[in-house]
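Chemist: I have a structure I would like to understand better, so I am pasting it below and will then ask my questions one at a time.
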There are 2 protein chains.
Amino acid sequence: MNYCSHCGAPLSFRIPPGDSLPRFICDQCGTIHYQNPRMVIGCIPEWEDKILLCRRAIEPRHGFWTLPAGFMENGETTAEAAARETLEEASARVEIGTAFSMFSLPHINQVHLLFRARLLDLDYAAGSESLEVELFREADIPWDTLAFSSVSNTLRHFYADQRKGSYGFHVGEISAASERI
Amino acid sequence: MNYCSHCGAPLSFRIPPGDSLPRFICDQCGTIHYQNPRMVIGCIPEWEDKILLCRRAIEPRHGFWTLPAGFMENGETTAEAAARETLEEASARVEIGTAFSMFSLPHINQVHLLFRARLLDLDYAAGSESLEVELFREADIPWDTLAFSSVSNTLRHFYADQRKGSYGFHVGEISAASERI
């Protein structure tokens, strides 16, 4: 961040009065440009004893499998974001259920939130960001080629909870060291 | 948003190739400036049968009561954000517990996330953004002068769950119409 997006003047980087962290500040118009984490939201689309995974057609982790998820947009709710991303990446219609997992990734300023979801029909197909979309039984989950730790952790909790017969809400952290990429 | 924060050139607002929503785009350096919701994170600090509320010294809702909460910063986890905001606004040390409520506020591009928390000592005091900080029993909660719907909804769920003897994770939406302000 070099220039003020409001007035175009060069920015300085310092702690504003009354604040405790350095921010990008415009000395011309006074705007303080805060930078905050972004939410990546998706779901676990369930159909009988299977779940729907997408193989990524984009970087990072091109060619690896993931749950449908992506950046939450302005103007939507968390559940709407999960349903929209599932429609975009897997052309799949889901009924969003309970929130299931939330992982902080402080090294990349993201929070990953996954919901349980019910796949409403089998008319899914690869969206523009997916190479293929497929239903997997637990025994067939491609654990070694999952794209992200938030996905593998979520699926491990999901099958553990399924065996217990009770689904919780799982909150955790994924550090740079524990991330697969 | 008028100018590119990377190179300083004027921005245009249009749908990038392969996207579905209009974005601020720099035609000089090619940067696409995405805008995404921000997370406001806090907690319900509990001490015996009381919880800690802060009376706001800043707008919006100056003079109204709220749970300690604020914008999540880059480089921290959701639980760290909740503890930091509680320290800043109430000079209070807490042990963050389970996630308790999450409200989407699509009209202002925010997600409010509140954790349960255990207040560790009684050495709390008003931080620079608070006029006063006080412990309240349920019967004394200032329902009519609470600052935000996410706070009043969270506290209603909290006391309902307390009576049930079991605390859930509550996900919901607060629309412009249902917001108090």
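To be explicit about the labels: the chains of the structure tokens are called A, B, and onward in the order shown, and within each one the residues are counted from 1, while ligands get numbers from 1 in the order they are shown.
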Within 9 Å of chain A, which residues of chain B are there when counting only C-alpha atoms? Please give them as a VMD selection string.
Modeler: chain B and resid 1 to 11 18 34 to 39 71 to 79 98 to 99 103 to 111 128 168 to 173
Chemist: Would you output that residue set with C-alpha atoms, as a PDB file, in the first residue's frame?
Modeler:
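For reference, result.pdb as written:
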ATOM      1  CA  MET B   1     -12.108   4.267  -3.463  1.00  0.00           C
ATOM      2  CA  ASN B   2     -10.772   6.526  -6.233  1.00  0.00           C
ATOM      3  CA  TYR B   3      -7.053   5.810  -6.691  1.00  0.00           C
ATOM      4  CA  CYS B   4      -4.902   2.675  -6.863  1.00  0.00           C
ATOM      5  CA  SER B   5      -3.206   2.174  -3.470  1.00  0.00           C
ATOM      6  CA  HIS B   6      -0.364   0.366  -5.272  1.00  0.00           C
ATOM      7  CA  CYS B   7       0.544   2.785  -8.111  1.00  0.00           C
ATOM      8  CA  GLY B   8      -1.625   5.878  -7.514  1.00  0.00           C
ATOM      9  CA  ALA B   9      -3.474   5.819 -10.875  1.00  0.00           C
ATOM     10  CA  PRO B  10      -7.242   6.513 -11.028  1.00  0.00           C
ATOM     11  CA  LEU B  11      -9.421   3.391 -10.642  1.00  0.00           C
ATOM     12  CA  GLY B  18     -14.084 -14.412 -15.052  1.00  0.00           C
ATOM     13  CA  TYR B  34     -11.291  -6.497  -3.472  1.00  0.00           C
ATOM     14  CA  GLN B  35     -13.428  -5.290  -0.570  1.00  0.00           C
ATOM     15  CA  ASN B  36     -14.591  -7.835   1.990  1.00  0.00           C
ATOM     16  CA  PRO B  37     -16.512  -7.915   5.279  1.00  0.00           C
ATOM     17  CA  ARG B  38     -14.662  -7.305   8.516  1.00  0.00           C
ATOM     18  CA  MET B  39     -14.949  -9.305  11.722  1.00  0.00           C
ATOM     19  CA  PHE B  71     -12.217  -5.195  14.795  1.00  0.00           C
ATOM     20  CA  MET B  72     -10.015  -8.267  14.410  1.00  0.00           C
ATOM     21  CA  GLU B  73      -6.455  -7.301  13.434  1.00  0.00           C
ATOM     22  CA  ASN B  74      -4.147  -8.950  10.902  1.00  0.00           C
ATOM     23  CA  GLY B  75      -1.800 -11.503  12.448  1.00  0.00           C
ATOM     24  CA  GLU B  76      -4.027 -12.688  15.288  1.00  0.00           C
ATOM     25  CA  THR B  77      -6.504 -15.520  15.913  1.00  0.00           C
ATOM     26  CA  THR B  78     -10.177 -14.981  16.680  1.00  0.00           C
ATOM     27  CA  ALA B  79      -9.610 -15.869  20.360  1.00  0.00           C
ATOM     28  CA  THR B  98     -16.062 -21.554  23.504  1.00  0.00           C
ATOM     29  CA  ALA B  99     -17.435 -19.550  20.583  1.00  0.00           C
ATOM     30  CA  PHE B 103     -24.124 -12.573  13.525  1.00  0.00           C
ATOM     31  CA  SER B 104     -23.851 -11.374   9.942  1.00  0.00           C
ATOM     32  CA  LEU B 105     -24.661  -7.699   9.374  1.00  0.00           C
ATOM     33  CA  PRO B 106     -24.689  -7.548   5.566  1.00  0.00           C
ATOM     34  CA  HIS B 107     -25.859  -3.911   5.438  1.00  0.00           C
ATOM     35  CA  ILE B 108     -22.584  -2.776   7.047  1.00  0.00           C
ATOM     36  CA  ASN B 109     -20.312  -5.609   5.797  1.00  0.00           C
ATOM     37  CA  GLN B 110     -19.527  -6.989   9.249  1.00  0.00           C
ATOM     38  CA  VAL B 111     -19.583 -10.334  11.049  1.00  0.00           C
ATOM     39  CA  SER B 128      -9.806   4.796  26.490  1.00  0.00           C
ATOM     40  CA  GLY B 168     -24.905 -23.702  22.012  1.00  0.00           C
ATOM     41  CA  PHE B 169     -23.319 -21.764  19.137  1.00  0.00           C
ATOM     42  CA  HIS B 170     -25.822 -19.279  17.772  1.00  0.00           C
ATOM     43  CA  VAL B 171     -25.607 -18.116  14.150  1.00  0.00           C
ATOM     44  CA  GLY B 172     -27.892 -15.438  12.784  1.00  0.00           C
ATOM     45  CA  GLU B 173     -28.393 -12.322  10.720  1.00  0.00           C
TER      46      GLU B 173
END
Chemist: Return as number ranges by chain the full set of residues in region 30-155 of chain A whose backbone-based DSSP assignment is strand (DSSP E).
Modeler: A: 32-33, 38-47, 50-56, 65-66, 69-71, 94-105, 110-119, 130-137
Chemist: Can you work out the spacing between CA of Ile32 (chain B) and CA of Leu87 (chain A) in Å, to one decimal?
Modeler: 23.0 Å
Chemist: Just asking: which residues within region 36-93 of chain A are helix (DSSP H, G or I) according to DSSP, as a ChimeraX atom specification?
Modeler: /A:78-90
Chemist: Residues as selected, C-alpha atoms, written as a short mmCIF file (atom, residue, chain, number, x, y, z; two decimals), in the first residue's frame, can you do that?
Modeler:
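Saved result, again36.cif, follows:
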data_model
loop_
_atom_site.label_atom_id
_atom_site.label_comp_id
_atom_site.auth_asym_id
_atom_site.auth_seq_id
_atom_site.Cartn_x
_atom_site.Cartn_y
_atom_site.Cartn_z
CA THR A 78 -21.95 -16.14 6.20
CA ALA A 79 -24.51 -18.79 5.16
CA GLU A 80 -25.17 -17.00 1.86
CA ALA A 81 -21.42 -16.92 1.19
CA ALA A 82 -21.18 -20.69 1.75
CA ALA A 83 -24.10 -21.42 -0.60
CA ARG A 84 -22.84 -19.01 -3.29
CA GLU A 85 -19.33 -20.48 -3.29
CA THR A 86 -20.77 -24.00 -3.58
CA LEU A 87 -22.86 -22.91 -6.56
CA GLU A 88 -19.86 -21.19 -8.21
CA GLU A 89 -17.28 -23.93 -7.68
CA ALA A 90 -19.44 -27.05 -7.93
#
Chemist: Env of Trp65 (chain B): 12 Å cut, atoms = only C-alpha atoms, seq-sep filter 4 positions within chain, self excluded. Answer as number ranges by chain.
Modeler: B: 52-61, 69, 89, 129-136, 141-149, 151-152
Chemist: How many Å separate CA of Lys50 (chain A) from CA of Leu119 (chain A)?
Modeler: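 These two atoms are separated by 9.9 Å.
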Chemist: One decimal, in Å: what's the spacing between CA of His157 (chain B) and CA of Phe64 (chain B)?
Modeler: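 Straight-line distance from CA of His157 (chain B) to CA of Phe64 (chain B) works out to 20.0 Å.
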